[in-house]
Every structure is written in structure tokens, then in C-alpha cells.
file my_file-v4.csv (CSV, C-alpha atoms and all ligand atoms)
chain,number,residue,atom,x,y,z
A,14,MET,CA,12.3,39.0,25.7
A,15,THR,CA,15.4,37.4,24.5
A,16,THR,CA,18.0,36.9,27.1
A,17,THR,CA,20.8,34.5,26.3
A,18,ILE,CA,22.3,32.3,29.0
A,19,ASP,CA,25.3,30.0,29.1
A,20,LEU,CA,23.9,26.6,29.2
A,21,VAL,CA,25.2,24.0,31.6
A,22,SER,CA,26.5,20.8,30.0
A,23,TYR,CA,23.9,18.0,29.9
A,24,GLU,CA,26.1,15.8,32.1
A,25,ASP,CA,26.6,18.6,34.7
A,26,ALA,CA,22.9,19.3,34.8
A,27,LEU,CA,22.1,15.6,35.5
A,28,ALA,CA,24.9,15.5,38.1
A,29,SER,CA,22.9,17.9,40.3
A,30,TYR,CA,19.3,17.6,39.3
A,31,ASP,CA,16.5,15.1,38.5
A,32,PRO,CA,14.3,16.1,35.6
A,33,VAL,CA,10.5,15.7,36.0
A,34,MET,CA,8.4,15.9,32.8
A,35,GLY,CA,4.8,16.2,31.9
A,36,LEU,CA,3.8,15.6,28.3
A,37,GLU,CA,0.5,16.9,26.8
A,38,VAL,CA,-0.3,15.6,23.4
A,39,HIS,CA,-3.0,16.9,21.2
A,40,VAL,CA,-4.4,14.6,18.5
A,41,GLU,CA,-6.7,15.8,15.8
A,42,LEU,CA,-9.2,13.1,15.1
A,43,GLY,CA,-9.9,12.0,11.5
A,44,THR,CA,-13.7,12.4,11.7
A,45,LYS,CA,-15.5,13.5,8.6
A,46,THR,CA,-17.2,16.4,10.4
A,47,LYS,CA,-16.3,18.8,13.2
A,48,MET,CA,-16.8,18.0,16.9
A,49,PHE,CA,-20.0,20.1,17.4
A,50,CYS,CA,-21.3,20.9,13.9
A,51,GLY,CA,-21.7,19.3,10.5
A,52,CYS,CA,-18.9,21.2,8.8
A,53,SER,CA,-16.3,19.2,6.8
A,54,THR,CA,-12.8,18.6,8.2
A,55,GLU,CA,-11.3,18.1,4.8
A,56,LEU,CA,-7.8,19.7,4.5
A,57,GLY,CA,-6.9,22.2,1.8
A,58,ALA,CA,-10.2,23.9,1.2
A,59,GLU,CA,-10.6,27.6,0.5
A,60,PRO,CA,-10.1,29.6,3.8
A,61,ASN,CA,-13.4,30.0,5.7
A,62,SER,CA,-15.3,27.8,3.3
A,63,GLN,CA,-15.9,25.1,6.0
A,64,THR,CA,-17.7,27.2,8.6
A,65,CYS,CA,-21.2,27.6,9.9
A,66,PRO,CA,-23.0,29.7,12.6
A,67,THR,CA,-22.0,27.1,15.3
A,68,CYS,CA,-18.3,26.9,14.7
A,69,LEU,CA,-18.2,30.7,14.2
A,70,GLY,CA,-20.0,31.2,17.5
A,71,MET,CA,-23.0,33.1,16.2
A,72,PRO,CA,-25.8,34.0,18.6
A,73,GLY,CA,-28.4,31.3,18.9
A,74,ALA,CA,-26.4,28.6,17.2
A,75,LEU,CA,-26.4,25.3,19.2
A,76,PRO,CA,-23.7,22.6,19.2
A,77,VAL,CA,-24.3,18.9,18.9
A,78,VAL,CA,-21.7,16.3,19.9
A,79,ASN,CA,-20.1,14.2,17.2
A,80,ALA,CA,-20.7,10.5,18.1
A,81,THR,CA,-17.6,9.3,16.2
A,82,GLY,CA,-15.6,11.8,18.1
A,83,VAL,CA,-16.8,10.3,21.4
A,84,GLU,CA,-16.2,6.8,20.2
A,85,SER,CA,-12.6,7.7,19.1
A,86,ALA,CA,-12.0,9.2,22.6
A,87,ILE,CA,-13.2,6.1,24.3
A,88,LYS,CA,-11.0,3.9,22.0
A,89,ILE,CA,-7.9,6.0,22.8
A,90,GLY,CA,-8.8,5.8,26.6
A,91,LEU,CA,-9.2,2.1,26.5
A,92,ALA,CA,-6.0,1.5,24.5
A,93,LEU,CA,-4.2,3.6,27.2
A,94,HIS,CA,-5.6,1.3,29.9
A,95,CYS,CA,-7.7,4.2,31.3
A,96,GLU,CA,-11.0,4.1,33.2
A,97,ILE,CA,-13.8,5.4,31.1
A,98,ALA,CA,-16.2,7.9,32.8
A,99,GLU,CA,-19.7,6.7,33.2
A,100,TRP,CA,-20.9,10.3,33.0
A,101,CYS,CA,-19.0,13.4,32.1
A,102,ARG,CA,-19.5,16.9,30.8
A,103,PHE,CA,-18.0,19.4,28.5
A,104,ALA,CA,-16.7,22.7,29.9
A,105,ARG,CA,-16.1,26.2,28.6
A,106,LYS,CA,-12.5,27.3,28.8
A,107,ASN,CA,-12.8,31.1,28.6
A,108,TYR,CA,-10.2,33.2,26.9
A,109,PHE,CA,-9.9,35.8,24.1
A,110,TYR,CA,-8.0,34.6,21.1
A,111,PRO,CA,-8.6,35.7,17.5
A,112,ASP,CA,-8.4,32.1,16.4
A,113,MET,CA,-11.4,31.2,18.5
A,114,PRO,CA,-14.5,33.3,17.5
A,115,LYS,CA,-16.6,31.9,20.3
A,116,ASN,CA,-14.2,33.4,22.9
A,117,PHE,CA,-14.2,30.1,24.6
A,118,GLN,CA,-13.0,26.6,23.8
A,119,THR,CA,-15.3,23.7,24.4
A,120,SER,CA,-13.2,21.3,26.3
A,121,GLN,CA,-13.4,19.1,29.4
A,122,TYR,CA,-12.2,20.2,32.8
A,123,ASP,CA,-12.7,18.2,36.0
A,124,GLU,CA,-14.7,15.4,34.2
A,125,PRO,CA,-12.5,13.9,31.5
A,126,ILE,CA,-13.9,11.0,29.5
A,127,ALA,CA,-10.8,8.8,30.3
A,128,PHE,CA,-8.4,8.9,33.2
A,129,ASN,CA,-5.8,6.9,35.2
A,130,GLY,CA,-4.1,4.8,32.5
A,131,TYR,CA,-0.6,4.0,31.3
A,132,LEU,CA,1.4,3.4,28.2
A,133,ASP,CA,4.5,1.2,28.1
A,134,VAL,CA,7.2,2.5,25.8
A,135,GLN,CA,10.4,0.8,24.6
A,136,LEU,CA,13.7,2.6,24.6
A,137,GLU,CA,16.4,2.1,22.1
A,138,ASP,CA,18.2,-0.5,24.1
A,139,GLY,CA,15.0,-2.5,24.6
A,140,GLU,CA,14.2,-1.4,28.1
A,141,VAL,CA,10.5,-0.8,28.8
A,142,PHE,CA,9.5,2.4,30.6
A,143,ARG,CA,5.9,2.8,31.9
A,144,VAL,CA,4.4,6.3,31.4
A,145,GLU,CA,1.4,6.9,33.6
A,146,ILE,CA,-1.5,8.7,32.0
A,147,GLU,CA,-3.5,11.3,34.0
A,148,ARG,CA,-6.3,11.8,31.6
A,149,ALA,CA,-7.5,12.0,28.0
A,150,HIS,CA,-10.2,14.5,27.3
A,151,MET,CA,-12.2,15.8,24.3
A,152,GLU,CA,-12.0,19.3,23.0
A,153,GLU,CA,-11.9,21.3,19.7
A,154,ASP,CA,-9.2,22.9,17.7
A,155,THR,CA,-8.9,26.6,17.1
A,156,GLY,CA,-8.7,28.4,13.7
A,157,LYS,CA,-5.5,29.5,12.1
A,158,SER,CA,-3.8,32.9,12.0
A,159,LEU,CA,-1.6,33.9,9.1
A,160,HIS,CA,0.6,36.9,9.9
A,161,VAL,CA,1.5,38.7,6.7
A,162,GLY,CA,4.3,41.2,5.9
A,163,GLY,CA,6.9,40.3,8.5
A,164,ALA,CA,10.1,38.3,8.0
A,165,THR,CA,9.4,35.5,10.5
A,166,GLY,CA,5.7,34.7,10.0
A,167,ARG,CA,5.1,35.7,13.6
A,168,ILE,CA,2.9,38.5,14.6
A,169,HIS,CA,5.8,40.8,15.5
A,170,GLY,CA,6.7,42.9,12.5
A,171,ALA,CA,3.7,41.7,10.5
A,172,SER,CA,1.6,44.4,8.7
A,173,HIS,CA,-1.7,42.5,9.0
A,174,SER,CA,-3.1,39.1,9.9
A,175,LEU,CA,-5.5,36.8,8.1
A,176,LEU,CA,-7.8,34.3,9.9
A,177,ASP,CA,-9.1,31.0,8.6
A,178,TYR,CA,-11.7,29.2,10.7
A,179,ASN,CA,-11.8,26.0,8.7
A,180,ARG,CA,-9.9,24.2,11.5
A,181,ALA,CA,-12.0,25.8,14.3
A,182,GLY,CA,-14.1,23.0,15.8
A,183,ILE,CA,-12.1,20.0,14.5
A,184,PRO,CA,-12.1,17.4,17.3
A,185,LEU,CA,-9.0,17.1,19.4
A,186,ILE,CA,-8.1,14.6,22.1
A,187,GLU,CA,-5.7,15.9,24.7
A,188,ILE,CA,-3.7,13.2,26.4
A,189,VAL,CA,-1.9,14.3,29.6
A,190,THR,CA,0.7,12.2,31.4
A,191,LYS,CA,1.2,12.1,35.2
A,192,PRO,CA,4.6,13.6,36.2
A,193,ILE,CA,7.3,11.4,34.6
A,194,GLU,CA,9.9,10.8,37.2
A,195,GLY,CA,12.9,8.5,37.5
A,196,ALA,CA,14.0,8.6,33.9
A,197,GLY,CA,17.1,10.6,34.9
A,198,GLU,CA,19.4,11.2,31.9
A,199,ARG,CA,17.1,9.2,29.7
A,200,ALA,CA,14.2,11.7,30.2
A,201,PRO,CA,14.5,13.2,26.6
A,202,GLU,CA,14.7,9.7,25.2
A,203,VAL,CA,11.6,8.7,27.2
A,204,ALA,CA,9.7,11.7,25.9
A,205,LYS,CA,10.5,10.9,22.3
A,206,ALA,CA,9.7,7.2,22.7
A,207,TYR,CA,6.4,8.0,24.4
A,208,VAL,CA,5.3,10.3,21.6
A,209,ALA,CA,6.4,7.7,19.0
A,210,GLU,CA,4.5,4.9,20.8
A,211,LEU,CA,1.4,7.0,21.2
A,212,ARG,CA,1.5,7.9,17.5
A,213,GLU,CA,1.7,4.2,16.6
A,214,LEU,CA,-1.2,3.5,18.9
A,215,ILE,CA,-3.4,6.3,17.4
A,216,LYS,CA,-2.7,5.0,13.9
A,217,ALA,CA,-3.4,1.4,14.8
A,218,LEU,CA,-6.7,2.5,16.3
A,219,GLY,CA,-7.5,4.2,13.0
A,220,VAL,CA,-8.8,7.3,14.7
A,221,SER,CA,-6.2,9.7,13.2
A,222,GLU,CA,-3.4,9.6,10.7
A,223,ALA,CA,-1.4,11.4,13.5
A,224,ARG,CA,0.9,13.2,11.0
A,225,MET,CA,3.1,15.4,13.2
A,226,GLU,CA,4.4,17.4,10.3
A,227,GLN,CA,0.9,18.4,9.4
A,228,GLY,CA,0.0,19.4,13.0
A,229,GLN,CA,-2.4,16.4,13.4
A,230,MET,CA,-0.4,15.5,16.5
A,231,ARG,CA,1.6,17.9,18.6
A,232,CYS,CA,3.3,17.8,21.9
A,233,ASP,CA,3.7,20.3,24.8
A,234,VAL,CA,6.7,19.4,26.8
A,235,ASN,CA,6.5,20.4,30.5
A,236,LEU,CA,9.8,20.2,32.3
A,237,SER,CA,11.2,21.0,35.7
A,238,LEU,CA,14.3,20.1,37.7
A,239,ARG,CA,14.7,19.3,41.4
A,240,PRO,CA,18.0,18.8,43.2
A,241,HIS,CA,18.7,15.1,43.9
A,242,GLY,CA,17.0,13.9,47.0
A,243,ARG,CA,14.3,16.6,47.1
A,244,GLU,CA,10.7,15.6,46.8
A,245,LYS,CA,9.1,18.9,45.9
A,246,PHE,CA,8.8,19.6,42.2
A,247,GLY,CA,10.6,22.7,40.8
A,248,THR,CA,8.8,25.3,38.7
A,249,ARG,CA,8.1,24.1,35.2
A,250,SER,CA,8.3,25.5,31.8
A,251,GLU,CA,6.0,24.4,29.0
A,252,THR,CA,7.4,24.2,25.5
A,253,LYS,CA,4.4,24.4,23.2
A,254,ASN,CA,3.4,22.6,20.0
A,255,VAL,CA,6.6,20.7,19.3
A,256,ASN,CA,5.9,18.9,16.1
A,257,SER,CA,8.4,16.1,15.5
A,258,LEU,CA,9.8,13.2,17.5
A,259,ARG,CA,13.3,14.6,17.2
A,260,SER,CA,12.2,18.0,18.4
A,261,VAL,CA,10.5,16.6,21.4
A,262,GLU,CA,13.8,15.0,22.5
A,263,ARG,CA,15.8,18.1,21.7
A,264,ALA,CA,13.4,20.5,23.5
A,265,ALA,CA,13.5,18.4,26.7
A,266,ARG,CA,17.3,18.2,26.5
A,267,PHE,CA,17.6,22.0,26.0
A,268,GLU,CA,15.2,22.8,28.8
A,269,ILE,CA,17.2,20.5,31.2
A,270,GLN,CA,20.4,22.5,30.4
A,271,ARG,CA,18.7,25.9,30.5
A,272,HIS,CA,16.9,25.2,33.8
A,273,ALA,CA,20.2,24.0,35.4
A,274,ALA,CA,21.9,27.1,34.2
A,275,VAL,CA,19.3,29.4,35.7
A,276,LEU,CA,19.2,27.4,39.0
A,277,ASN,CA,23.0,27.2,39.3
A,278,SER,CA,23.3,31.0,39.0
A,279,GLY,CA,20.8,31.5,41.8
A,280,GLY,CA,18.0,32.5,39.5
A,281,THR,CA,14.4,31.4,39.5
A,282,ILE,CA,12.5,29.6,36.8
A,283,ILE,CA,9.5,31.5,35.6
A,284,GLN,CA,6.4,29.5,34.9
A,285,GLU,CA,5.8,30.3,31.3
A,286,THR,CA,5.2,28.9,27.8
A,287,ARG,CA,8.2,28.6,25.5
A,288,HIS,CA,8.7,28.2,21.7
A,289,PHE,CA,11.0,25.6,20.3
A,290,HIS,CA,13.2,26.6,17.3
A,291,GLU,CA,14.2,23.8,14.9
A,292,ASP,CA,17.1,25.7,13.5
A,293,THR,CA,18.9,26.3,16.7
A,294,GLY,CA,17.5,23.6,18.9
A,295,SER,CA,16.7,26.2,21.6
A,296,THR,CA,13.6,27.6,23.2
A,297,THR,CA,12.6,31.2,23.8
A,298,SER,CA,10.1,32.7,26.2
A,299,GLY,CA,6.5,32.9,25.1
A,300,ARG,CA,3.9,34.1,27.6
A,301,VAL,CA,3.6,33.8,31.4
A,302,LYS,CA,1.5,30.7,32.0
A,303,GLU,CA,-2.0,31.0,33.2
A,304,GLU,CA,-3.3,28.9,36.1
A,305,ALA,CA,-6.4,26.7,35.4
A,306,GLU,CA,-8.6,29.0,37.5
A,307,ASP,CA,-7.8,32.0,35.2
A,308,TYR,CA,-9.8,30.3,32.5
A,309,ARG,CA,-13.0,30.4,34.6
A,310,TYR,CA,-14.1,27.0,33.4
A,311,PHE,CA,-17.8,26.2,33.8
A,312,PRO,CA,-20.0,23.3,32.6
A,313,GLU,CA,-21.1,23.9,29.0
A,314,PRO,CA,-24.8,24.6,29.2
A,315,ASP,CA,-25.6,23.9,25.5
A,316,LEU,CA,-24.4,20.3,25.5
A,317,VAL,CA,-25.9,17.3,27.2
A,318,PRO,CA,-23.6,15.2,29.4
A,319,VAL,CA,-21.8,12.2,27.8
A,320,ALA,CA,-22.8,9.0,29.5
A,321,PRO,CA,-21.4,6.0,27.5
A,322,SER,CA,-23.2,2.8,28.4
A,323,ARG,CA,-21.0,0.0,29.8
A,324,GLU,CA,-22.1,-2.3,27.0
A,325,TRP,CA,-20.8,0.1,24.4
A,326,VAL,CA,-17.5,0.6,26.2
A,327,GLU,CA,-17.1,-3.2,26.4
A,328,GLU,CA,-17.9,-3.6,22.8
A,329,LEU,CA,-15.2,-1.0,21.9
A,330,ARG,CA,-12.8,-2.7,24.2
A,331,ALA,CA,-13.4,-6.1,22.5
A,332,GLY,CA,-12.6,-4.5,19.1
A,333,LEU,CA,-9.3,-3.0,20.1
A,334,PRO,CA,-6.3,-4.0,17.9
A,335,GLU,CA,-3.2,-5.6,19.3
A,336,GLN,CA,-1.0,-3.0,21.0
A,337,PRO,CA,1.8,-1.8,18.7
A,338,LEU,CA,4.5,-2.7,21.2
A,339,ALA,CA,3.1,-6.2,21.7
A,340,ARG,CA,2.8,-6.6,17.9
A,341,ARG,CA,6.3,-5.5,17.3
A,342,ASN,CA,7.6,-8.0,19.9
A,343,ARG,CA,5.5,-10.8,18.4
A,344,LEU,CA,6.7,-10.2,14.9
A,345,ARG,CA,10.3,-9.8,16.0
A,346,GLU,CA,10.1,-13.3,17.5
A,347,GLU,CA,8.3,-14.7,14.4
A,348,TRP,CA,10.8,-13.2,12.0
A,349,ASP,CA,13.7,-13.8,14.3
A,350,VAL,CA,15.3,-10.3,14.0
A,351,ASN,CA,16.9,-8.5,16.9
A,352,ALA,CA,15.5,-5.3,18.5
A,353,HIS,CA,18.0,-3.1,16.7
A,354,ASP,CA,17.2,-4.4,13.2
A,355,MET,CA,13.5,-4.2,14.0
A,356,GLN,CA,13.9,-0.5,14.9
A,357,SER,CA,15.9,0.1,11.7
A,358,MET,CA,13.0,-1.3,9.7
A,359,LEU,CA,10.5,0.8,11.5
A,360,ASN,CA,12.7,3.9,11.1
A,361,ALA,CA,13.0,3.2,7.4
A,362,TRP,CA,9.2,3.1,7.2
A,363,ALA,CA,9.6,-0.1,5.2
A,364,PHE,CA,6.8,-1.6,7.3
A,365,ASP,CA,3.5,-0.2,8.2
A,366,THR,CA,1.9,-0.5,11.6
A,367,LEU,CA,0.4,-3.9,10.8
A,368,GLY,CA,4.0,-5.1,10.5
A,369,GLY,CA,3.8,-5.9,6.8
A,370,CYS,CA,6.0,-4.9,4.0
A,371,ILE,CA,4.6,-2.0,2.0
A,372,ALA,CA,7.4,-1.4,-0.3
A,373,GLY,CA,5.6,-2.6,-3.4
A,374,ARG,CA,2.3,-3.6,-5.0
A,375,GLY,CA,0.4,-3.7,-1.7
A,376,ALA,CA,1.9,-7.1,-0.8
A,377,ARG,CA,2.3,-7.7,2.9
A,378,HIS,CA,4.7,-10.3,4.1
A,379,PRO,CA,7.5,-10.7,6.7
A,380,PRO,CA,11.1,-10.1,5.3
A,381,PRO,CA,12.9,-13.1,3.9
A,382,ALA,CA,16.1,-11.7,5.4
A,383,TRP,CA,16.9,-8.3,6.8
A,384,GLY,CA,17.4,-5.8,4.0
A,385,VAL,CA,16.4,-8.2,1.2
A,386,CYS,CA,12.9,-7.9,0.0
A,387,GLY,CA,11.8,-8.5,-3.6
A,388,CYS,CA,8.9,-6.0,-3.4
A,389,GLY,CA,10.8,-2.8,-3.8
B,1,ZN,ZN,-19.4,24.5,11.6
call {"tool": "encode", "arguments": {"input": "my_file-v4.csv", "output": "C-alpha cells"}}
result
Amino acid sequence: MTTTIDLVSYEDALASYDPVMGLEVHVELGTKTKMFCGCSTELGAEPNSQTCPTCLGMPGALPVVNATGVESAIKIGLALHCEIAEWCRFARKNYFYPDMPKNFQTSQYDEPIAFNGYLDVQLEDGEVFRVEIERAHMEEDTGKSLHVGGATGRIHGASHSLLDYNRAGIPLIEIVTKPIEGAGERAPEVAKAYVAELRELIKALGVSEARMEQGQMRCDVNLSLRPHGREKFGTRSETKNVNSLRSVERAARFEIQRHAAVLNSGGTIIQETRHFHEDTGSTTSGRVKEEAEDYRYFPEPDLVPVAPSREWVEELRAGLPEQPLARRNRLREEWDVNAHDMQSMLNAWAFDTLGGCIAGRGARHPPPAWGVCGCG
């Protein structure tokens, strides 16, 4: 379905509506083995060489939880100021998808391992915006389809498809925000800043390299508009698997303009998933979005509940690194550089997440003066 609409200008959209966003970020953990079996997670192996009866869903195969996966999930939850569940279970999310040979995804439903947190993010002008976190839960990745013979790489027009299950079962953490309200015209900037800050945090924790261009971290952007002064949320669209910071911002911006155009013309927004296109900066319709009850979630009978002891949780809390935002602010003061120059340095990737120069020879030091560093 490709209907083209005349977008409303961004300014006109914001003059009539308040955007409400929900961001769902999937992070692939950097564990050595998969979440429920001993298969390697190493990238670049021959297709289907890293599979076993468990991650292929063969009859009789039984999953076992990866302890490092649970530990990483707790670290992420704690770093996001979440409560950590004393007891929680995995659930089966049932659907048919060729990427998922089990015909269900092992996930968590109403009992996430971490919930009720927040992440403070800094916008370009230095303002800090608090994003509330609904939950962070554990699940597994799907395999990969390769559609061959078509022009676009999508299934439409392809002559056949190949499946690679090496990725099926790699641990994922899904981090879901509460509705982000009150950002107004800065909503797309908040979305970008949130994903950027979350990526820094994940890297600082050492639980994933969080490379968006490799799909190790990807963001679903939920967006709806409501007329100024109205409390009830509008219908949302969900733009799936956006895989760069810039695209997160562009996707949110495009959807604000598209929603406003539909609403202004008396139309209704359809609750659906959408695809973002890098080349045009636009989104197109995917599929009508299922409701949670359509997945017939039920507790996973093959896995024991996860009940992290309070001692373990406190031990992990004590070992958390300094929050990236706090560290940046501390270094900025120590080095006496302004927020803009600090941002330029980070953008240029001259400094790693520990705040040290990585331009040359592994030396790590603060800059003698902005732009002047003998390492390079
Ligand atoms: Zn396996």
C-alpha cells in the first residue's frame, strides 16, 4: 500500500498538536553463547553453522538460561534506575515467522526483570530531559531472511528466500519507555538524545558494543499526536528497526508531519507498523499492528523462574560504572571546555566512553587544548 500524502509543515503540525512518543530499543548482548543454548554468537560464521536442536526448536530439546545474560539485564536495569524483580518468568510469544523456527519467541510478558526507571538525557543546548522507563525485559533474537532475486532485497519481487538461524536465540534486552510527553517541538531531538545516551550507557556497562549499523541496537519509534489541551492519546504508529541516531530523529519528525496531515484532512491514523527509508527520510506502511493479546502469551514451561538474590543485585549495583552523562559533565569541568566543544569531541569520536583520547598509541589523557592533541 503506497499512498502519498501532502505533509503538513513541521511548524504547522506543532502549532496544532502535541507529539507523544514511546521508544522501544532492542540491544543484542555481547555474551559468548546464546540465551538458551550453548551455541556461539560469533558474527560472520557460515550460515546455520551455529545452531543446535534447542535454538532450532526441535522436539524434546530443552533450553537453559544464560547466567551472563541475566546479569547483563540486571546491570542495564540498575543503570536505568529500575526496580529489579525478586522473581520473574519467561513467557512464550506465539506467532508464525520463518525467522523463528520454534514458532514462538521466548520473551517476558507481565513479569519483566526490571521496571520503573528513568534515564536523564542532555539535549544540544545543555537542557536535561528525563525519560521515564517502563521496563527492560529479556528475550531472544530471531534468525535472518535473505530475499533473493528481487530489486529491493524485500520479499516482494524475490524469487526465493534463504534462512540463516545463526542469530536465532542471541540474547536481547528490550528497553521500553513510558509515554514521552511534554517535549513538544523537541520530541525528535529527545528521541535521538535518548538513544544516544542509552548507547553510551550500554557501552559503559560493557554488556554490548551497541553498534547500530550492525543491528546490535535498534529502535522502534512509536508516535501519536493529540490536539493541544486534550488528555487522551491519539492512535500511534510504530516505525520499526530504525538503525541510526539520525534516522531516529528523522523518523519521528516525518511521522509528526504525516500524522498531522492525516488528522487535518479528517482521516484516521491506522495502528500499524511502518518502515523507515533512509534515502527519502519517509516511512511507508508495514502491517496492521497486533495487540498483545493476539500473541497468546503464556509462562514458558521449560524454564525455571529467575529469582536474583538481593545480595547479587546489590553486588552488581556496587560495581556499576559512573553514568556517562555524569562523567561527561565531570570531565567537562576538569578540562574546562564548554558543552558545545565537548559535544564536538564526542561527535568526532576522538574520545572513547571513558573520556580519554584514543587517537593514538592507546594513550589516554585529557586534551591540552581543544583541537590540539599530539597523539594523532
Ligand atoms: Zn543453539
call {"tool": "closest_residue", "arguments": {"input": "my_file-v4.csv", "among": "A:Glu202, A:Ala28, A:Cys50, A:Gly228", "to": "Glu140 (chain A)", "atoms": "only C-alpha atoms"}}
result
A:Glu202
call {"tool": "residues_near_ligand", "arguments": {"input": "my_file-v4.csv", "ligand": "ligand ZN 1 (chain B)", "cutoff": "7 Å", "atoms": "all atoms listed in the file", "output": "list in words"}}
result
Lys47, Cys50, Gly51, Cys52, Gln63, Thr64, Cys65, Pro66, Thr67, Cys68, Leu69 and Gly182 of chain A
call {"tool": "closest_residue", "arguments": {"input": "my_file-v4.csv", "among": "A:Phe311, A:Phe128, A:Tyr30, A:Trp100", "to": "Asn277 (chain A)", "atoms": "only C-alpha atoms"}}
result
A:Tyr30
call {"tool": "closest_residue", "arguments": {"input": "my_file-v4.csv", "among": "A:Leu176, A:Ile215, A:Ala273, A:Ala74", "to": "Glu59 (chain A)", "atoms": "all atoms listed in the file"}}
result
A:Leu176
call {"tool": "atom_distance", "arguments": {"input": "my_file-v4.csv", "atom1": "CA of Glu198 (chain A)", "atom2": "CA of Thr248 (chain A)"}}
result
18.9 Å
call {"tool": "atom_distance", "arguments": {"input": "my_file-v4.csv", "atom1": "CA of Thr54 (chain A)", "atom2": "CA of Glu327 (chain A)"}}
result
28.7 Å
call {"tool": "atom_distance", "arguments": {"input": "my_file-v4.csv", "atom1": "CA of Asp315 (chain A)", "atom2": "CA of Glu41 (chain A)"}}
result
22.7 Å
call {"tool": "residues_around", "arguments": {"input": "my_file-v4.csv", "residues": "Val38 (chain A)", "least_positions_apart": "2", "cutoff": "6 Å", "atoms": "all atoms listed in the file", "output": "number ranges by chain"}}
result
A: 187-188, 231-232
call {"tool": "residues_around", "arguments": {"input": "my_file-v4.csv", "residues": "Ala331 (chain A)", "least_positions_apart": "5", "cutoff": "12 Å", "atoms": "all atoms listed in the file", "output": "list of chain:residue names"}}
result
A:Lys88, A:Leu91, A:Ala92, A:Glu324, A:Trp325, A:Val326
call {"tool": "closest_residue", "arguments": {"input": "my_file-v4.csv", "among": "A:Gly195, A:Gly294, A:Gly43, A:Gly280", "to": "His241 (chain A)", "atoms": "all atoms listed in the file"}}
result
A:Gly195
call {"tool": "residues_near_point", "arguments": {"input": "my_file-v4.csv", "point": "(0.6, 14.7, 32.5)", "cutoff": "8 Å", "atoms": "only C-alpha atoms", "output": "JSON, numbers by chain"}}
result
{"A": [34, 35, 36, 37, 145, 146, 147, 148, 188, 189, 190, 191, 192, 193]}
call {"tool": "closest_residue", "arguments": {"input": "my_file-v4.csv", "among": "A:Leu42, A:Leu136, A:Ile18, A:Met113", "to": "Gly156 (chain A)", "atoms": "all atoms listed in the file"}}
result
A:Met113
